[in-house]
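So this one's input.txt, compact mmCIF, C-alpha atoms:
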```txt
# COMPACT_ATOMS: atom_id res chain seq x y z
CA MET A 1 -13.58 -66.55 -9.75
CA LYS A 2 -11.90 -64.16 -12.17
CA ARG A 3 -15.29 -63.40 -13.72
CA LEU A 4 -16.71 -62.59 -10.25
CA LEU A 5 -13.81 -60.24 -9.43
CA TRP A 6 -14.26 -58.51 -12.79
CA ILE A 7 -17.99 -58.00 -12.12
CA LEU A 8 -17.29 -56.62 -8.62
CA SER A 9 -14.64 -54.27 -9.99
CA LEU A 10 -16.99 -53.03 -12.70
CA ALA A 11 -19.75 -52.45 -10.16
CA THR A 12 -17.41 -50.46 -7.91
CA THR A 13 -16.30 -48.30 -10.85
CA LEU A 14 -19.90 -47.57 -11.83
CA VAL A 15 -20.75 -46.57 -8.24
CA LEU A 16 -17.77 -44.19 -8.10
CA LEU A 17 -18.64 -42.64 -11.46
CA SER A 18 -22.21 -42.13 -10.34
CA ALA A 19 -21.03 -40.46 -7.13
CA CYS A 20 -18.75 -38.12 -9.07
CA GLN A 21 -21.56 -37.15 -11.41
CA ASN A 22 -23.87 -36.35 -8.51
CA GLN A 23 -21.23 -34.41 -6.55
CA GLU A 24 -21.58 -30.66 -6.95
CA VAL A 25 -18.52 -28.52 -7.54
CA ASP A 26 -17.65 -26.49 -4.43
CA ASN A 27 -18.13 -22.89 -5.50
CA THR A 28 -17.27 -21.32 -2.15
CA ILE A 29 -15.03 -18.34 -2.89
CA VAL A 30 -11.95 -18.24 -0.67
CA ILE A 31 -10.46 -14.79 -0.06
CA TRP A 32 -7.17 -14.30 1.74
CA HIS A 33 -6.34 -10.99 3.40
CA ASP A 34 -4.10 -9.41 6.02
CA LYS A 35 -6.48 -6.64 7.10
CA GLU A 36 -8.11 -5.64 10.34
CA GLU A 37 -11.45 -7.22 11.13
CA VAL A 38 -13.54 -4.14 10.33
CA ILE A 39 -12.26 -4.14 6.73
CA ALA A 40 -13.07 -7.83 6.27
CA ASP A 41 -16.52 -7.26 7.78
CA VAL A 42 -17.35 -4.67 5.12
CA ILE A 43 -16.57 -7.21 2.39
CA GLN A 44 -18.55 -9.96 4.10
CA ASN A 45 -21.59 -7.77 4.73
CA GLN A 46 -21.69 -6.36 1.20
CA ILE A 47 -21.59 -9.80 -0.37
CA ASN A 48 -24.13 -11.23 2.08
CA THR A 49 -26.50 -8.37 1.28
CA ASN A 50 -26.11 -8.24 -2.49
CA LEU A 51 -25.27 -11.86 -3.30
CA PRO A 52 -26.97 -13.93 -0.58
CA GLU A 53 -26.61 -17.12 -2.64
CA VAL A 54 -22.81 -16.78 -2.76
CA GLN A 55 -20.67 -18.39 -0.10
CA ILE A 56 -17.35 -16.73 0.71
CA GLU A 57 -14.67 -17.59 3.21
CA LEU A 58 -12.47 -14.72 4.36
CA ILE A 59 -9.22 -16.02 5.82
CA ARG A 60 -6.68 -13.78 7.54
CA LYS A 61 -3.28 -14.91 6.35
CA GLU A 62 0.10 -14.01 7.80
CA SER A 63 3.00 -13.84 5.32
CA LEU A 64 0.43 -13.60 2.54
CA THR A 65 2.83 -12.69 -0.25
CA ASP A 66 5.37 -15.40 0.59
CA THR A 67 2.60 -17.99 0.68
CA LEU A 68 1.21 -16.88 -2.67
CA LYS A 69 4.63 -17.26 -4.25
CA LEU A 70 4.57 -20.91 -3.18
CA VAL A 71 0.96 -21.91 -3.89
CA GLY A 72 -0.37 -19.29 -6.31
CA ASN A 73 -0.55 -21.77 -9.19
CA ASN A 74 -1.86 -24.65 -7.08
CA GLU A 75 -5.63 -24.88 -7.47
CA SER A 76 -6.05 -26.98 -4.33
CA ALA A 77 -3.96 -24.69 -2.11
CA ALA A 78 -4.37 -21.18 -3.51
CA PRO A 79 -7.24 -18.85 -2.65
CA ASP A 80 -9.59 -17.59 -5.35
CA MET A 81 -8.97 -13.95 -4.49
CA TYR A 82 -6.83 -11.96 -2.10
CA ILE A 83 -6.85 -8.45 -0.62
CA PHE A 84 -3.49 -6.71 -0.43
CA ALA A 85 -1.54 -3.61 -1.41
CA HIS A 86 -0.81 -2.94 -5.08
CA ASP A 87 2.99 -3.02 -4.87
CA LYS A 88 3.29 -6.80 -5.41
CA ILE A 89 1.23 -6.76 -8.61
CA GLY A 90 4.28 -6.79 -10.89
CA LEU A 91 5.86 -9.74 -9.11
CA PHE A 92 2.68 -11.82 -9.23
CA ALA A 93 1.98 -10.88 -12.83
CA GLU A 94 5.47 -11.98 -13.82
CA ILE A 95 5.12 -15.37 -12.13
CA ASP A 96 1.79 -15.67 -13.94
CA ILE A 97 -0.63 -16.21 -11.07
CA LEU A 98 -2.94 -13.20 -11.63
CA THR A 99 -5.96 -12.70 -13.86
CA PRO A 100 -6.49 -9.22 -15.34
CA ILE A 101 -9.46 -7.68 -13.56
CA THR A 102 -10.79 -6.32 -16.84
CA ASP A 103 -11.34 -9.92 -17.97
CA LEU A 104 -14.02 -10.06 -15.28
CA ILE A 105 -15.56 -6.58 -15.13
CA ALA A 106 -15.97 -3.81 -17.68
CA PRO A 107 -12.94 -1.51 -18.11
CA SER A 108 -15.33 1.47 -17.85
CA VAL A 109 -15.76 0.65 -14.15
CA PHE A 110 -12.36 2.21 -13.52
CA ASP A 111 -13.45 5.58 -14.90
CA ASP A 112 -14.85 6.28 -11.43
CA TYR A 113 -11.59 5.79 -9.54
CA LEU A 114 -9.00 8.36 -8.48
CA PRO A 115 -6.12 8.68 -10.99
CA LEU A 116 -3.61 7.79 -8.27
CA THR A 117 -5.29 4.45 -7.70
CA LYS A 118 -5.63 3.63 -11.39
CA ASP A 119 -1.92 4.24 -11.92
CA ALA A 120 -1.06 2.04 -8.96
CA ILE A 121 -3.05 -1.01 -10.06
CA THR A 122 -1.82 -1.01 -13.67
CA TYR A 123 1.19 -3.09 -14.68
CA LYS A 124 2.33 -3.19 -18.30
CA ASN A 125 -0.95 -1.59 -19.39
CA THR A 126 -3.03 -4.24 -17.64
CA ILE A 127 -5.22 -3.71 -14.55
CA TYR A 128 -4.81 -6.39 -11.88
CA GLN A 129 -6.67 -4.99 -8.88
CA LEU A 130 -10.08 -3.61 -7.96
CA PRO A 131 -9.09 -0.88 -5.47
CA PHE A 132 -10.93 -0.21 -2.22
CA TYR A 133 -8.89 2.48 -0.49
CA PHE A 134 -5.47 4.08 -0.27
CA GLU A 135 -3.13 5.36 2.41
CA THR A 136 -0.35 7.91 2.26
CA LEU A 137 1.80 9.91 4.63
CA LEU A 138 0.49 13.18 6.01
CA PHE A 139 1.94 16.27 7.65
CA MET A 140 0.34 16.27 11.11
CA TYR A 141 0.75 18.72 13.92
CA ASN A 142 -0.37 19.40 17.47
CA LYS A 143 -2.57 22.50 17.31
CA ASP A 144 -1.82 23.24 20.95
CA ARG A 145 1.88 23.59 20.07
CA LEU A 146 1.71 24.89 16.51
CA SER A 147 -1.12 27.10 15.32
CA THR A 148 -2.66 26.64 11.88
CA GLU A 149 -1.28 30.03 10.84
CA GLU A 150 2.26 28.98 11.83
CA VAL A 151 2.32 25.70 9.88
CA PRO A 152 5.31 25.84 7.50
CA GLU A 153 4.33 26.03 3.84
CA THR A 154 7.84 25.48 2.47
CA THR A 155 10.76 23.33 3.52
CA GLU A 156 12.85 26.38 4.39
CA GLU A 157 10.06 27.62 6.65
CA LEU A 158 10.02 24.16 8.24
CA TYR A 159 13.78 24.27 8.73
CA GLN A 160 13.63 27.70 10.34
CA TYR A 161 10.81 26.53 12.62
CA MET A 162 12.89 23.51 13.69
CA LYS A 163 15.91 25.71 14.45
CA GLU A 164 13.83 28.10 16.55
CA THR A 165 11.82 25.46 18.40
CA THR A 166 14.07 22.48 19.00
CA ASN A 167 15.86 22.26 22.34
CA SER A 168 16.74 19.61 24.90
CA ARG A 169 13.07 19.07 25.82
CA ARG A 170 11.20 19.65 22.57
CA TYR A 171 11.38 19.01 18.84
CA GLY A 172 9.73 21.12 16.20
CA PHE A 173 9.42 18.27 13.72
CA VAL A 174 10.27 14.56 13.57
CA GLU A 175 10.06 11.78 10.99
CA GLN A 176 11.50 8.36 10.16
CA HIS A 177 14.24 9.92 8.09
CA SER A 178 16.22 6.74 7.43
CA ASN A 179 13.38 4.57 6.15
CA ALA A 180 12.96 4.25 2.36
CA TYR A 181 9.17 4.64 2.47
CA TYR A 182 9.38 7.88 4.46
CA SER A 183 12.43 9.33 2.73
CA ALA A 184 11.00 8.84 -0.77
CA GLY A 185 8.84 11.96 -0.42
CA TRP A 186 11.90 14.18 -0.11
CA ILE A 187 13.54 12.54 -3.13
CA HIS A 188 10.38 13.07 -5.18
CA GLY A 189 10.37 16.69 -4.03
CA PHE A 190 13.58 17.17 -5.99
CA GLY A 191 12.19 15.38 -9.03
CA GLY A 192 14.19 12.25 -8.24
CA SER A 193 13.16 8.66 -7.66
CA ILE A 194 14.31 5.47 -6.00
CA LEU A 195 13.45 3.31 -8.99
CA LYS A 196 12.81 4.43 -12.56
CA SER A 197 9.78 3.25 -14.50
CA ASP A 198 11.93 0.79 -16.48
CA GLY A 199 13.14 -0.91 -13.30
CA THR A 200 16.52 0.85 -13.20
CA PRO A 201 17.79 2.01 -9.77
CA ALA A 202 18.20 5.78 -9.41
CA LEU A 203 20.00 6.11 -6.08
CA ASN A 204 23.01 8.00 -7.42
CA ASP A 205 21.15 10.19 -9.91
CA GLU A 206 21.85 13.90 -9.56
CA LYS A 207 18.37 14.76 -8.26
CA THR A 208 18.49 12.00 -5.67
CA ILE A 209 21.88 13.22 -4.44
CA GLN A 210 20.52 16.76 -4.21
CA ALA A 211 17.61 15.55 -2.10
CA LEU A 212 19.78 13.49 0.24
CA THR A 213 22.18 16.39 0.71
CA TYR A 214 19.45 18.94 1.37
CA HIS A 215 17.49 16.67 3.70
CA LYS A 216 20.43 16.00 5.97
CA LYS A 217 20.38 19.47 7.52
CA PHE A 218 16.88 18.78 8.86
CA ILE A 219 18.09 15.64 10.61
CA GLU A 220 20.43 17.76 12.75
CA TYR A 221 17.34 19.02 14.59
CA MET A 222 15.84 15.57 15.18
CA PRO A 223 16.78 13.10 17.95
CA SER A 224 20.36 11.96 17.44
CA GLY A 225 20.59 8.36 16.27
CA GLN A 226 16.84 7.81 16.60
CA ALA A 227 14.77 7.03 13.51
CA GLU A 228 12.75 3.94 14.45
CA TYR A 229 8.99 3.81 14.00
CA ALA A 230 8.15 3.43 17.69
CA THR A 231 10.57 6.11 18.91
CA VAL A 232 9.57 8.76 16.37
CA ASN A 233 5.85 8.21 16.86
CA ALA A 234 6.22 8.20 20.65
CA LEU A 235 7.78 11.67 20.55
CA PHE A 236 4.66 13.02 18.87
CA LEU A 237 2.20 10.98 20.92
CA GLU A 238 3.86 12.10 24.15
CA LYS A 239 3.67 15.73 22.99
CA VAL A 240 7.44 16.13 22.88
CA ALA A 241 7.41 16.80 19.12
CA ASN A 242 5.13 19.47 17.67
CA SER A 243 4.75 18.02 14.18
CA ILE A 244 5.43 14.84 12.26
CA ILE A 245 5.15 13.19 8.87
CA SER A 246 3.41 9.88 9.48
CA GLY A 247 0.63 7.67 8.23
CA PRO A 248 -3.09 7.61 9.05
CA TRP A 249 -2.46 4.63 11.33
CA LEU A 250 -1.05 7.09 13.89
CA VAL A 251 -4.25 9.12 14.06
CA PRO A 252 -6.31 6.90 16.43
CA GLN A 253 -3.44 6.82 18.93
CA ALA A 254 -2.95 10.57 18.67
CA ARG A 255 -6.62 11.20 19.40
CA ASP A 256 -6.56 8.70 22.27
CA ASN A 257 -3.66 10.73 23.71
CA ASP A 258 -5.80 13.89 23.55
CA ILE A 259 -3.65 15.53 20.91
CA ASN A 260 -5.42 18.43 19.23
CA LEU A 261 -4.59 17.06 15.81
CA GLY A 262 -4.24 19.11 12.66
CA PHE A 263 -3.43 18.17 9.05
CA ALA A 264 -1.61 20.33 6.53
CA ASN A 265 -0.28 20.15 3.01
CA MET A 266 3.23 18.85 2.61
CA PRO A 267 5.81 21.65 2.56
CA VAL A 268 7.02 22.73 -0.86
CA VAL A 269 10.75 22.41 -1.58
CA ASP A 270 11.93 25.99 -2.14
CA GLU A 271 14.58 25.01 -4.66
CA THR A 272 12.26 23.07 -6.99
CA GLY A 273 8.74 24.32 -6.30
CA LEU A 274 7.66 20.71 -5.81
CA PRO A 275 6.04 19.47 -2.59
CA ILE A 276 7.37 16.63 -0.51
CA SER A 277 5.53 13.81 -2.32
CA PRO A 278 5.35 10.55 -0.37
CA TYR A 279 4.45 7.14 -1.64
CA ALA A 280 0.85 5.92 -1.52
CA GLY A 281 -0.31 2.35 -1.09
CA VAL A 282 -3.53 1.20 -2.75
CA GLN A 283 -5.37 -1.69 -1.15
CA GLY A 284 -7.80 -3.82 -3.11
CA ILE A 285 -8.80 -7.25 -4.31
CA HIS A 286 -7.00 -9.44 -6.85
CA VAL A 287 -8.04 -12.63 -8.64
CA LEU A 288 -5.87 -15.73 -9.00
CA LYS A 289 -5.64 -17.28 -12.46
CA VAL A 290 -6.45 -20.77 -11.14
CA ALA A 291 -9.77 -19.47 -9.77
CA VAL A 292 -11.27 -18.67 -13.17
CA GLN A 293 -10.60 -22.00 -14.89
CA ASN A 294 -14.05 -23.16 -13.83
CA PRO A 295 -16.65 -21.11 -15.82
CA GLU A 296 -19.19 -21.28 -13.01
CA LYS A 297 -16.74 -19.98 -10.44
CA LYS A 298 -15.53 -17.33 -12.87
CA ALA A 299 -19.10 -16.01 -13.18
CA ILE A 300 -19.45 -15.87 -9.40
CA ILE A 301 -16.19 -13.94 -9.05
CA SER A 302 -17.33 -11.51 -11.73
CA ASN A 303 -20.52 -10.86 -9.77
CA ILE A 304 -18.51 -10.32 -6.59
CA LEU A 305 -16.26 -7.78 -8.28
CA ASN A 306 -19.24 -5.85 -9.61
CA VAL A 307 -20.70 -5.66 -6.10
CA LEU A 308 -17.35 -4.58 -4.64
CA SER A 309 -16.99 -1.81 -7.22
CA SER A 310 -19.70 0.16 -5.42
CA PRO A 311 -18.58 3.44 -3.80
CA ASN A 312 -20.24 2.19 -0.61
CA ILE A 313 -17.29 -0.15 -0.07
CA GLY A 314 -14.83 2.71 0.30
CA ILE A 315 -17.29 4.79 2.32
CA GLU A 316 -17.84 2.06 4.90
CA MET A 317 -14.14 1.24 5.14
CA ALA A 318 -13.21 4.91 5.55
CA LEU A 319 -15.77 5.47 8.29
CA SER A 320 -14.68 2.37 10.20
CA SER A 321 -10.92 2.72 9.72
CA ALA A 322 -8.31 5.38 8.97
CA VAL A 323 -8.34 5.04 5.16
CA ALA A 324 -9.41 7.05 2.11
CA PRO A 325 -11.78 5.64 -0.55
CA ALA A 326 -10.43 4.92 -4.01
CA HIS A 327 -13.81 5.52 -5.66
CA VAL A 328 -14.46 9.12 -6.74
CA GLN A 329 -18.18 8.97 -5.94
CA ALA A 330 -17.43 8.15 -2.31
CA TYR A 331 -16.48 11.80 -1.90
CA LEU A 332 -20.08 12.85 -2.54
CA ASP A 333 -21.06 11.32 0.80
CA GLN A 334 -21.60 13.92 3.51
CA GLU A 335 -19.92 11.92 6.27
CA ILE A 336 -16.84 11.49 4.10
CA LEU A 337 -16.76 15.21 3.29
CA GLU A 338 -16.88 16.00 7.02
CA ASP A 339 -14.08 13.57 7.93
CA GLU A 340 -10.94 15.68 8.30
CA LEU A 341 -8.53 12.75 8.03
CA VAL A 342 -10.12 11.27 4.91
CA MET A 343 -10.24 14.63 3.16
CA ALA A 344 -6.61 15.30 4.09
CA MET A 345 -5.63 12.08 2.35
CA LYS A 346 -7.85 12.94 -0.61
CA ALA A 347 -5.93 16.22 -0.96
CA ALA A 348 -2.62 14.39 -0.53
CA ALA A 349 -3.56 12.02 -3.36
CA GLU A 350 -3.10 14.86 -5.83
CA LYS A 351 0.64 14.94 -5.08
CA ALA A 352 1.40 11.46 -3.73
CA ILE A 353 3.12 8.89 -5.93
CA PRO A 354 2.06 5.23 -6.02
CA MET A 355 4.63 2.83 -4.67
CA PRO A 356 6.28 1.20 -7.69
CA ASN A 357 4.63 -2.13 -8.48
CA LEU A 358 7.71 -3.41 -10.32
CA PRO A 359 9.32 -6.63 -9.02
CA GLU A 360 12.65 -4.77 -8.75
CA MET A 361 11.25 -2.68 -5.91
CA ASP A 362 11.75 -5.59 -3.51
CA VAL A 363 15.48 -5.00 -3.90
CA MET A 364 15.19 -1.22 -3.59
CA TRP A 365 13.47 -1.23 -0.19
CA LEU A 366 16.51 -2.99 1.24
CA THR A 367 19.30 -1.11 -0.51
CA THR A 368 17.71 2.33 -0.08
CA SER A 369 17.19 1.88 3.65
CA GLU A 370 20.79 0.68 4.04
CA MET A 371 21.99 3.76 2.16
CA LEU A 372 19.92 6.10 4.35
CA VAL A 373 21.24 4.54 7.54
CA ASN A 374 24.81 4.94 6.30
CA ILE A 375 24.24 8.59 5.40
CA ASN A 376 21.98 9.81 8.20
CA LEU A 377 22.94 7.66 11.18
CA VAL A 378 26.49 6.43 10.53
CA GLY A 379 27.61 9.67 8.91
CA ASN A 380 29.19 8.24 5.77
CA ASP A 381 29.78 10.36 2.68
CA ILE A 382 26.57 10.89 0.70
CA LEU A 383 27.95 10.29 -2.79
CA ASP A 384 30.02 7.27 -1.75
CA SER A 385 27.01 5.74 0.00
CA ALA A 386 24.73 6.40 -2.96
CA ASN A 387 27.21 4.92 -5.45
CA SER A 388 27.68 1.85 -3.28
CA ALA A 389 23.92 1.37 -2.90
CA GLN A 390 23.44 1.84 -6.65
CA ARG A 391 25.99 -0.88 -7.43
CA LYS A 392 24.46 -3.27 -4.93
CA SER A 393 20.96 -2.59 -6.30
CA GLU A 394 22.08 -3.28 -9.87
CA GLU A 395 23.82 -6.50 -8.86
CA LEU A 396 20.83 -7.81 -6.92
CA ILE A 397 18.40 -6.89 -9.69
CA ASP A 398 20.58 -8.60 -12.29
CA LEU A 399 20.65 -11.68 -10.07
CA MET A 400 16.88 -11.55 -9.64
CA ARG A 401 16.29 -11.31 -13.39
CA SER A 402 18.70 -14.13 -14.28
```
Output the file's structure in the form of structure tokens.
Amino acid sequence: MKRLLWILSLATTLVLLSACQNQEVDNTIVIWHDKEEVIADVIQNQINTNLPEVQIELIRKESLTDTLKLVGNNESAAPDMYIFAHDKIGLFAEIDILTPITDLIAPSVFDDYLPLTKDAITYKNTIYQLPFYFETLLFMYNKDRLSTEEVPETTEELYQYMKETTNSRRYGFVEQHSNAYYSAGWIHGFGGSILKSDGTPALNDEKTIQALTYHKKFIEYMPSGQAEYATVNALFLEKVANSIISGPWLVPQARDNDINLGFANMPVVDETGLPISPYAGVQGIHVLKVAVQNPEKKAIISNILNVLSSPNIGIEMALSSAVAPAHVQAYLDQEILEDELVMAMKAAAEKAIPMPNLPEMDVMWLTTSEMLVNINLVGNDILDSANSAQRKSEELIDLMRS
């Protein structure tokens, strides 16, 4: 009996081993993203056309970054690649879930990308993203309310225009003045920063204080106590405000509302000679470290990246959505050259500053916005608020690093 059981067990083992040997490794490439459908379609179509033998699965994922923190090192749960903004690169590099892109494609590929985008995707001298496009804030105006010749070229001209134009029924200019992303441009215009390159908070630095102090006089001519995204944008969309600093995502709504939309350079700060320089976000594709453990899958991913490094990717995304290509050669395309929005962002890229990709920036978004609310909406003392926010930032960063 024991001999029979042993023979049956051996036979079962041999069958299972044979099945494992005959089973092919699943080389479907899973890509997570949080983008609109037209962006995902560009990726799908390019791969279908250029790599018809490759199977990819594009999955739209809510809370993408939080999920990656949990499963990024889990081969059975993590995606192979993901499409997202560059600002989380430092965090994911530090928790060791990313593969350097230059391990998969030639470093020379990046010679054809805008300097802004190359800076954004580099963390500790290593490139972790293949960029597709970027977005940044723009100075937009209603041409029916503000002629091209009247557009302020300096911040003092803007201030004077606001004083002369703003009344109980109309605003010369509006913005989300108490949001860290929007306020950063003014701080950069004074040569300041929210976070230094070494991860040190800079909220109470002299240049930051100068910017916060100067900027506050502009807020006097904006809606009292109103700085939310929906409220500020509605003022422009409803033609109550003549001009605005906002992102390209506002453009489709503005055109749907029959606004005669114009784009202009950011005003230059009279005191420093520097323009208001907002943050820019660079969107692209990243590769998880667990995805390249299998040599066959690694080769497939390398082929995908080479296909997606074509300037056609950025061209198609720009023409189907309100974004600007990261690839320099995309700007040789006639349709791109004739697209006023895309070319406005291309011009803005020369002065815009990439959002910091340091892990410490997660703290700074919170503490900076709290500081701005205290200064601009509550009316607290600027220096006291900045010092308090600086201390809180340092404490939270120390806690994060420990």
Sorted per-residue table, stretch 222-295 of chain A near stretch 60-73 of chain A, closest atoms and distance, 10 Å, all atoms listed in the file, as CSV:
```
residue,atom,partner,partner_atom,distance
A:Leu288,CA,A:Gly72,CA,7.1
A:Lys289,CA,A:Asn73,CA,7.5
A:Val290,CA,A:Asn73,CA,6.3
A:Ala291,CA,A:Asn73,CA,9.5
```
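Summary of the local environment: counting all atoms listed in the file, residues at most 7 Å from A:Tyr182, other than itself and those fewer than 4 positions away along its chain, are Gln176, His177 and Pro278 of chain A.
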Next, write the just-selected residues to a file, as an mmCIF file, in the coordinates of the input, keeping C-alpha atoms as the atom set.
```
data_model
loop_
_atom_site.group_PDB
_atom_site.id
_atom_site.type_symbol
_atom_site.label_atom_id
_atom_site.label_comp_id
_atom_site.auth_asym_id
_atom_site.auth_seq_id
_atom_site.Cartn_x
_atom_site.Cartn_y
_atom_site.Cartn_z
ATOM 1 C CA GLN A 176 11.500 8.360 10.160
ATOM 2 C CA HIS A 177 14.240 9.920 8.090
ATOM 3 C CA PRO A 278 5.350 10.550 -0.370
#
```
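Of the residues under consideration (A:Met345, A:Ala299, A:Leu146, A:Leu91), A:Leu91 shows the shortest atom-to-atom contact distance to A:Val363 when counting only C-alpha atoms.
Take atom CA of A:Ser168 and atom CA of A:Ala184: the distance between them is 28.4 Å.
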message = Between atom CA of A:Val232 and atom CA of A:Gly247, what distance in Å does the model show, to one decimal?
response = 12.1 Å
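Each of A:Ile301, A:Met222, A:Val151, A:Ile336 was compared to A:Glu316 using all atoms listed in the file, and A:Ile336 turns out to be the nearest.
Near A:Thr28, within a cut-off of 8 Å and counting only C-alpha atoms, sit the residues Val54, Gln55, Ile56 and Glu57 of chain A, with same-chain residues fewer than 6 positions away left out.
As for atom CA of A:Asn387 and atom CA of A:Asp87, they are spaced 25.5 Å apart.
The smallest atom-to-atom distance between A:Leu51 and any of A:Ala386, A:Glu228, A:Phe139, A:Asn303, using only C-alpha atoms, is found for A:Asn303.
You can rank A:Asp258, A:Ile29, A:Glu206, A:Pro131 by their closest distance to A:Leu308 using only C-alpha atoms, and at the top of that list sits A:Pro131.
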message = Give me the residues near A:Ile313 as number ranges by chain, where near means some atom within 10 Å (using all atoms listed in the file) and where sequence neighbours in that chain fewer than 4 positions away do not count.
response = A: 39, 42-43, 45-46, 131-133, 307-309, 317-318, 325-327, 330
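With only C-alpha atoms as the atoms that count, the residue of A:Ser193, A:Thr99, A:Ser147, A:Gln390 with the shortest distance to A:Phe263 is A:Ser147.
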key: Selected residue of minimal separation from A:Ser385 among A:Lys163, A:Gly273, A:Thr367, A:Ala180, counting all atoms listed in the file   = A:Thr367
task = Find the residues around A:Asn142 up to 10 Å (only C-alpha atoms counted), leave out those fewer than 2 positions away in its own chain, and share them as a VMD selection string.
result = chain A and resid 140 144 to 148 236 to 237 239 241 to 244 254 258 to 263
Within 10 Å of stretch 198-202 of chain A, which residues of stretch 241-358 of chain A show up? Give each one with its shortest atom-to-atom distance in Å (one decimal) and the two atoms involved, counting all atoms listed in the file, rows by chain then rising residue number, as JSON lines.
```
{"residue": "A:Pro356", "atom": "CA", "partner": "A:Gly199", "partner_atom": "CA", "distance": 9.1}
{"residue": "A:Asn357", "atom": "CA", "partner": "A:Gly199", "partner_atom": "CA", "distance": 9.9}
{"residue": "A:Leu358", "atom": "CA", "partner": "A:Gly199", "partner_atom": "CA", "distance": 6.7}
```
